[in-house]
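Printed here is entry.tsv (TSV, C-alpha atoms):
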```tsv
chain	number	residue	atom	x	y	z
A	1	GLY	CA	-33.41	-15.11	11.80
A	2	GLY	CA	-29.91	-15.35	13.29
A	3	GLY	CA	-28.21	-16.48	10.06
A	4	PRO	CA	-24.60	-15.76	9.17
A	5	PRO	CA	-23.37	-12.17	9.06
A	6	PRO	CA	-23.24	-10.48	5.65
A	7	PRO	CA	-19.94	-10.81	3.77
A	8	LEU	CA	-17.34	-8.07	3.96
A	9	PRO	CA	-17.53	-5.54	1.11
A	10	LEU	CA	-14.35	-6.66	-0.66
A	11	PRO	CA	-13.22	-4.78	-3.75
A	12	SER	CA	-14.60	-6.22	-6.95
A	13	GLY	CA	-13.13	-5.87	-10.38
A	14	SER	CA	-9.51	-5.86	-11.34
A	15	LEU	CA	-6.70	-7.97	-10.00
A	16	LEU	CA	-4.91	-4.76	-9.00
A	17	LYS	CA	-7.76	-3.80	-6.64
A	18	LYS	CA	-7.58	-7.22	-5.00
A	19	VAL	CA	-3.78	-6.95	-4.67
A	20	LEU	CA	-4.14	-3.52	-3.05
A	21	PHE	CA	-6.67	-4.88	-0.56
A	22	ALA	CA	-4.46	-7.88	0.25
A	23	HIS	CA	-1.44	-5.60	0.74
A	24	ALA	CA	-3.57	-3.40	3.01
A	25	LEU	CA	-4.39	-6.38	5.23
A	26	ILE	CA	-0.74	-7.46	5.24
A	27	ASP	CA	0.42	-3.96	6.24
A	28	ILE	CA	-2.08	-3.80	9.09
A	29	ILE	CA	-1.85	-7.35	10.46
A	30	VAL	CA	1.42	-9.06	9.53
A	31	PRO	CA	4.77	-8.34	11.25
A	32	ASN	CA	7.39	-6.67	9.06
A	33	PRO	CA	11.13	-5.87	9.40
A	34	VAL	CA	10.55	-2.82	11.62
A	35	THR	CA	7.65	-3.82	13.88
A	36	ALA	CA	5.53	-6.69	15.14
A	37	GLY	CA	2.00	-6.95	13.74
A	38	PRO	CA	1.01	-3.26	13.59
A	39	PHE	CA	-2.59	-3.65	14.73
A	40	LEU	CA	-1.60	-5.70	17.78
A	41	ARG	CA	1.38	-3.42	18.52
A	42	VAL	CA	-0.87	-0.36	18.60
A	43	LEU	CA	-3.32	-2.10	20.96
A	44	ASP	CA	-0.61	-3.44	23.29
A	45	ARG	CA	-0.38	-1.05	26.25
A	46	GLN	CA	2.26	-3.25	27.94
A	47	PHE	CA	4.90	-2.44	25.33
A	48	PRO	CA	6.81	0.69	26.44
A	49	SER	CA	8.68	1.62	23.23
A	50	LYS	CA	7.09	4.60	21.50
A	51	LYS	CA	9.48	4.11	18.58
A	52	LYS	CA	8.09	0.69	17.71
A	53	ARG	CA	4.52	1.97	18.05
A	54	GLY	CA	5.41	4.79	15.67
A	55	TRP	CA	6.34	2.29	12.98
A	56	ALA	CA	3.15	0.35	13.72
A	57	TRP	CA	1.05	3.51	13.25
A	58	LEU	CA	2.90	4.28	10.01
A	59	PHE	CA	2.18	0.80	8.62
A	60	MET	CA	-1.45	1.08	9.73
A	61	ALA	CA	-1.69	4.35	7.77
A	62	PHE	CA	-0.09	2.75	4.70
A	63	GLY	CA	-2.50	-0.17	4.96
A	64	LEU	CA	-5.53	2.07	5.28
A	65	MET	CA	-4.40	4.14	2.29
A	66	LYS	CA	-4.09	0.95	0.20
A	67	ALA	CA	-7.49	-0.33	1.40
A	68	HIS	CA	-9.09	3.00	0.44
A	69	ALA	CA	-7.32	2.92	-2.93
A	70	SER	CA	-8.68	-0.58	-3.63
A	71	LEU	CA	-12.16	0.97	-3.71
A	72	CYS	CA	-11.24	3.92	-5.98
A	73	THR	CA	-10.79	4.59	-9.69
A	74	PRO	CA	-7.39	3.70	-11.17
A	75	GLN	CA	-6.31	7.36	-11.26
A	76	ILE	CA	-7.13	7.97	-7.60
A	77	ALA	CA	-5.66	4.58	-6.60
A	78	ALA	CA	-2.41	5.48	-8.39
A	79	ARG	CA	-2.12	8.66	-6.35
A	80	LEU	CA	-3.30	7.31	-3.01
A	81	ALA	CA	-1.71	3.86	-2.93
A	82	GLY	CA	1.17	5.11	-5.07
A	83	TRP	CA	2.08	7.53	-2.31
A	84	ALA	CA	1.78	4.76	0.30
A	85	TYR	CA	4.08	2.44	-1.68
A	86	PHE	CA	6.56	5.25	-2.36
A	87	ALA	CA	6.71	6.42	1.27
A	88	GLN	CA	6.92	2.84	2.52
A	89	THR	CA	9.80	2.08	0.17
A	90	VAL	CA	11.75	5.21	1.07
A	91	SER	CA	11.25	4.81	4.83
A	92	MET	CA	12.16	1.10	4.84
A	93	ALA	CA	15.21	1.68	2.62
A	94	ALA	CA	16.42	4.52	4.85
A	95	GLU	CA	15.89	2.47	7.99
A	96	GLY	CA	17.64	-0.60	6.59
A	97	PHE	CA	20.41	0.73	4.38
A	98	TYR	CA	21.16	4.19	5.83
A	99	HIS	CA	20.47	3.72	9.54
A	100	ARG	CA	21.37	0.02	9.50
A	101	SER	CA	18.67	-0.73	12.09
A	102	ILE	CA	17.53	-3.84	10.21
A	103	PRO	CA	20.01	-6.74	10.29
A	104	ARG	CA	21.13	-7.96	6.84
A	105	PRO	CA	19.03	-5.44	4.88
A	106	ASP	CA	20.27	-6.78	1.55
A	107	LYS	CA	18.63	-10.15	2.35
A	108	VAL	CA	15.64	-8.91	4.34
A	109	LEU	CA	14.53	-5.84	2.39
A	110	VAL	CA	15.42	-6.27	-1.28
A	111	SER	CA	12.44	-8.45	-2.21
A	112	TYR	CA	10.11	-6.39	-0.01
A	113	LEU	CA	11.20	-3.10	-1.57
A	114	SER	CA	11.24	-4.58	-5.09
A	115	LEU	CA	7.63	-5.68	-4.72
A	116	ASN	CA	6.67	-2.16	-3.61
A	117	VAL	CA	8.37	-0.66	-6.68
A	118	VAL	CA	6.68	-3.16	-9.03
A	119	VAL	CA	3.21	-2.48	-7.60
A	120	TYR	CA	3.85	1.29	-7.68
A	121	LEU	CA	4.74	1.05	-11.39
A	122	TRP	CA	1.71	-1.20	-12.04
A	123	LEU	CA	-0.53	1.42	-10.40
A	124	GLN	CA	0.91	4.23	-12.52
A	125	PHE	CA	0.65	2.20	-15.75
A	126	THR	CA	-2.96	1.21	-14.99
A	127	ALA	CA	-3.90	4.83	-14.26
A	128	MET	CA	-2.33	6.04	-17.52
A	129	ARG	CA	-4.21	3.36	-19.49
A	130	ALA	CA	-7.51	4.25	-17.79
A	131	ALA	CA	-6.98	7.96	-18.50
A	132	ARG	CA	-6.19	7.19	-22.14
A	133	ARG	CA	-9.35	5.06	-22.46
A	134	GLU	CA	-11.41	7.88	-20.96
A	135	ARG	CA	-9.94	10.44	-23.38
A	136	LEU	CA	-10.71	8.15	-26.34
A	137	ALA	CA	-14.27	7.56	-25.12
A	138	ASP	CA	-14.75	11.33	-24.64
A	139	ALA	CA	-13.46	11.98	-28.16
A	140	ARG	CA	-15.84	9.37	-29.59
A	141	ARG	CA	-18.80	10.88	-27.71
A	142	ALA	CA	-17.83	14.38	-28.88
A	143	GLY	CA	-17.62	13.12	-32.48
A	144	GLN	CA	-21.08	11.50	-32.28
A	145	GLY	CA	-22.69	14.67	-30.96
A	146	ARG	CA	-22.06	16.60	-34.19
```
This entry written out as C-alpha coordinates:
Amino acid sequence: GGGPPPPLPLPSGSLLKKVLFAHALIDIIVPNPVTAGPFLRVLDRQFPSKKKRGWAWLFMAFGLMKAHASLCTPQIAARLAGWAYFAQTVSMAAEGFYHRSIPRPDKVLVSYLSLNVVVYLWLQFTAMRAARRERLADARRAGQGR
(Lines of atoms letter the chains of each structure in order from A and count residues from 1; the text may use other names and numbers.)
(Lines give C-alpha, C1' and ligand atoms only; values in the text may rest on other atoms or scores of the structure.)
Protein backbone atom coordinates (compact mmCIF):
# COMPACT_ATOMS: atom_id res chain seq x y z
CA GLY A 1 0.00 0.00 0.00
CA GLY A 2 2.48 2.79 -0.79
CA GLY A 3 0.32 4.48 -3.43
CA PRO A 4 0.40 8.19 -4.22
CA PRO A 5 -0.24 10.72 -1.47
CA PRO A 6 -3.76 12.13 -1.19
CA PRO A 7 -4.41 15.33 -3.15
CA LEU A 8 -4.15 18.71 -1.47
CA PRO A 9 -7.46 20.06 -0.15
CA LEU A 10 -7.84 22.83 -2.74
CA PRO A 11 -10.82 25.16 -2.49
CA SER A 12 -13.81 23.96 -4.44
CA GLY A 13 -16.61 26.06 -5.77
CA SER A 14 -16.41 29.51 -7.22
CA LEU A 15 -13.79 30.97 -9.49
CA LEU A 16 -13.14 33.65 -6.86
CA LYS A 17 -12.07 31.01 -4.31
CA LYS A 18 -9.66 29.53 -6.83
CA VAL A 19 -8.27 33.00 -7.66
CA LEU A 20 -7.75 33.71 -3.95
CA PHE A 21 -5.89 30.43 -3.51
CA ALA A 22 -3.72 31.09 -6.58
CA HIS A 23 -2.93 34.61 -5.33
CA ALA A 24 -2.04 33.12 -1.93
CA LEU A 25 0.50 30.80 -3.54
CA ILE A 26 1.88 33.67 -5.64
CA ASP A 27 2.27 35.89 -2.55
CA ILE A 28 4.09 33.16 -0.65
CA ILE A 29 6.32 31.73 -3.39
CA VAL A 30 6.89 34.19 -6.25
CA PRO A 31 9.29 37.16 -6.06
CA ASN A 32 7.65 40.59 -6.14
CA PRO A 33 8.88 44.21 -6.48
CA VAL A 34 9.98 44.46 -2.83
CA THR A 35 11.44 41.02 -2.04
CA ALA A 36 12.68 37.76 -3.48
CA GLY A 37 10.40 34.74 -3.10
CA PRO A 38 9.03 35.31 0.43
CA PHE A 39 9.09 31.69 1.59
CA LEU A 40 12.71 31.22 0.52
CA ARG A 41 13.71 34.65 1.87
CA VAL A 42 12.34 33.80 5.30
CA LEU A 43 14.20 30.47 5.34
CA ASP A 44 17.50 31.95 4.11
CA ARG A 45 19.69 32.53 7.18
CA GLN A 46 22.60 33.73 5.00
CA PHE A 47 20.79 36.92 4.00
CA PRO A 48 21.59 39.65 6.56
CA SER A 49 18.97 42.30 5.69
CA LYS A 50 16.15 42.36 8.22
CA LYS A 51 14.31 44.88 6.04
CA LYS A 52 13.95 42.46 3.15
CA ARG A 53 12.87 39.67 5.50
CA GLY A 54 10.23 42.01 6.90
CA TRP A 55 8.67 42.39 3.47
CA ALA A 56 8.88 38.62 3.01
CA TRP A 57 7.02 38.05 6.29
CA LEU A 58 4.41 40.62 5.28
CA PHE A 59 3.79 38.88 1.94
CA MET A 60 3.64 35.51 3.70
CA ALA A 61 0.94 36.94 5.99
CA PHE A 62 -1.00 38.34 3.02
CA GLY A 63 -0.75 34.98 1.27
CA LEU A 64 -1.93 33.06 4.31
CA MET A 65 -4.86 35.45 4.75
CA LYS A 66 -5.88 34.88 1.11
CA ALA A 67 -5.48 31.09 1.45
CA HIS A 68 -7.68 31.12 4.56
CA ALA A 69 -10.23 33.32 2.77
CA SER A 70 -10.40 30.87 -0.14
CA LEU A 71 -11.92 28.35 2.29
CA CYS A 72 -14.47 30.75 3.83
CA THR A 73 -17.92 32.12 3.01
CA PRO A 74 -18.03 35.12 0.65
CA GLN A 75 -18.71 37.53 3.52
CA ILE A 76 -15.74 36.34 5.58
CA ALA A 77 -13.53 36.16 2.47
CA ALA A 78 -14.42 39.77 1.64
CA ARG A 79 -13.26 40.89 5.07
CA LEU A 80 -10.20 38.67 5.39
CA ALA A 81 -8.78 38.75 1.87
CA GLY A 82 -10.20 42.23 1.34
CA TRP A 83 -7.99 43.47 4.16
CA ALA A 84 -4.98 41.64 2.70
CA TYR A 85 -5.53 43.18 -0.75
CA PHE A 86 -6.11 46.64 0.73
CA ALA A 87 -3.02 46.54 2.97
CA GLN A 88 -0.91 45.10 0.16
CA THR A 89 -2.01 47.85 -2.22
CA VAL A 90 -1.39 50.65 0.27
CA SER A 91 2.03 49.34 1.37
CA MET A 92 3.24 48.71 -2.20
CA ALA A 93 1.98 52.10 -3.40
CA ALA A 94 3.67 53.88 -0.49
CA GLU A 95 6.92 52.01 -1.06
CA GLY A 96 6.94 52.65 -4.80
CA PHE A 97 5.40 56.09 -5.25
CA TYR A 98 6.09 57.84 -1.92
CA HIS A 99 9.41 56.34 -0.83
CA ARG A 100 10.58 55.71 -4.41
CA SER A 101 12.33 52.50 -3.34
CA ILE A 102 11.05 50.61 -6.39
CA PRO A 103 12.60 51.70 -9.70
CA ARG A 104 10.07 52.89 -12.32
CA PRO A 105 7.00 52.35 -10.11
CA ASP A 106 4.66 53.57 -12.84
CA LYS A 107 5.74 50.64 -15.03
CA VAL A 108 6.36 48.04 -12.32
CA LEU A 109 3.46 48.61 -9.93
CA VAL A 110 0.46 49.94 -11.85
CA SER A 111 -0.75 46.57 -13.18
CA TYR A 112 0.06 44.85 -9.87
CA LEU A 113 -1.88 47.42 -7.84
CA SER A 114 -4.73 47.54 -10.37
CA LEU A 115 -5.20 43.79 -10.10
CA ASN A 116 -5.35 44.09 -6.30
CA VAL A 117 -8.05 46.78 -6.56
CA VAL A 118 -10.09 44.72 -9.05
CA VAL A 119 -9.99 41.59 -6.88
CA TYR A 120 -10.82 43.66 -3.77
CA LEU A 121 -13.91 45.06 -5.54
CA TRP A 122 -14.85 41.57 -6.82
CA LEU A 123 -14.68 40.27 -3.24
CA GLN A 124 -16.90 43.06 -1.93
CA PHE A 125 -19.44 42.64 -4.75
CA THR A 126 -19.57 38.86 -4.25
CA ALA A 127 -20.10 39.29 -0.51
CA MET A 128 -22.93 41.78 -1.04
CA ARG A 129 -24.63 39.42 -3.52
CA ALA A 130 -24.29 36.47 -1.12
CA ALA A 131 -25.72 38.53 1.76
CA ARG A 132 -28.63 39.63 -0.42
CA ARG A 133 -29.34 36.01 -1.44
CA GLU A 134 -29.30 34.97 2.22
CA ARG A 135 -31.73 37.74 3.19
CA LEU A 136 -34.10 36.72 0.39
CA ALA A 137 -33.90 33.05 1.39
CA ASP A 138 -34.56 33.99 5.04
CA ALA A 139 -37.57 36.08 4.01
CA ARG A 140 -38.95 33.18 1.94
CA ARG A 141 -38.49 30.75 4.84
CA ALA A 142 -40.15 33.20 7.24
CA GLY A 143 -43.08 33.58 4.81
CA GLN A 144 -43.53 29.80 4.52
CA GLY A 145 -43.60 29.33 8.28
CA ARG A 146 -46.87 31.25 8.68
Between CA of Met60 (chain A) and CA of Asp106 (chain A), what is the distance, to one decimal in Å?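 These two atoms are separated by 24.5 Å.
The spacing separating CA of Thr89 (chain A) from CA of Asn116 (chain A) amounts to 6.5 Å.
In this comparison, which uses all atoms listed in the file, the residue of A:Pro4, A:Ala130, A:Leu15, A:Pro33 approaching Pro103 (chain A) most closely is A:Pro33.
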Rounded to one decimal, what separation in Å do you get between CA of Gly96 (chain A) and CA of Val34 (chain A)?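 Between CA of Gly96 (chain A) and CA of Val34 (chain A) the gap works out to 9.0 Å.
With all atoms listed in the file as the atoms that count, the minimum distance from Gln88 (chain A) to the choices A:Lys66, A:Arg132, A:Lys107, A:Lys18 is reached by A:Lys66.
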At a cut-off of 12 Å, using only C-alpha atoms, what residues contact Val30 (chain A)? Leave out same-chain residues fewer than 5 positions from it and give the result as a short mmCIF file (atom, residue, chain, number, x, y, z; two decimals) with C-alpha atoms, in the frame of the given file.
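Final output, part-v8.cif:
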```
data_model
loop_
_atom_site.label_atom_id
_atom_site.label_comp_id
_atom_site.auth_asym_id
_atom_site.auth_seq_id
_atom_site.Cartn_x
_atom_site.Cartn_y
_atom_site.Cartn_z
CA ALA A 22 -4.46 -7.88 0.25
CA HIS A 23 -1.44 -5.60 0.74
CA ALA A 24 -3.57 -3.40 3.01
CA LEU A 25 -4.39 -6.38 5.23
CA THR A 35 7.65 -3.82 13.88
CA ALA A 36 5.53 -6.69 15.14
CA GLY A 37 2.00 -6.95 13.74
CA PRO A 38 1.01 -3.26 13.59
CA PHE A 39 -2.59 -3.65 14.73
CA LEU A 40 -1.60 -5.70 17.78
CA ARG A 41 1.38 -3.42 18.52
CA ALA A 56 3.15 0.35 13.72
CA PHE A 59 2.18 0.80 8.62
CA MET A 60 -1.45 1.08 9.73
CA GLY A 63 -2.50 -0.17 4.96
#
```
Using all atoms listed in the file: which of A:Asp44, A:Glu134, A:Asp27, A:Glu95 has the shortest distance to Thr73 (chain A): A:Glu134
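The nearest approach to Tyr85 (chain A) among the residues A:Ser101, A:Cys72, A:Gln124, A:Ala131, with only C-alpha atoms taken into account, belongs to A:Gln124.
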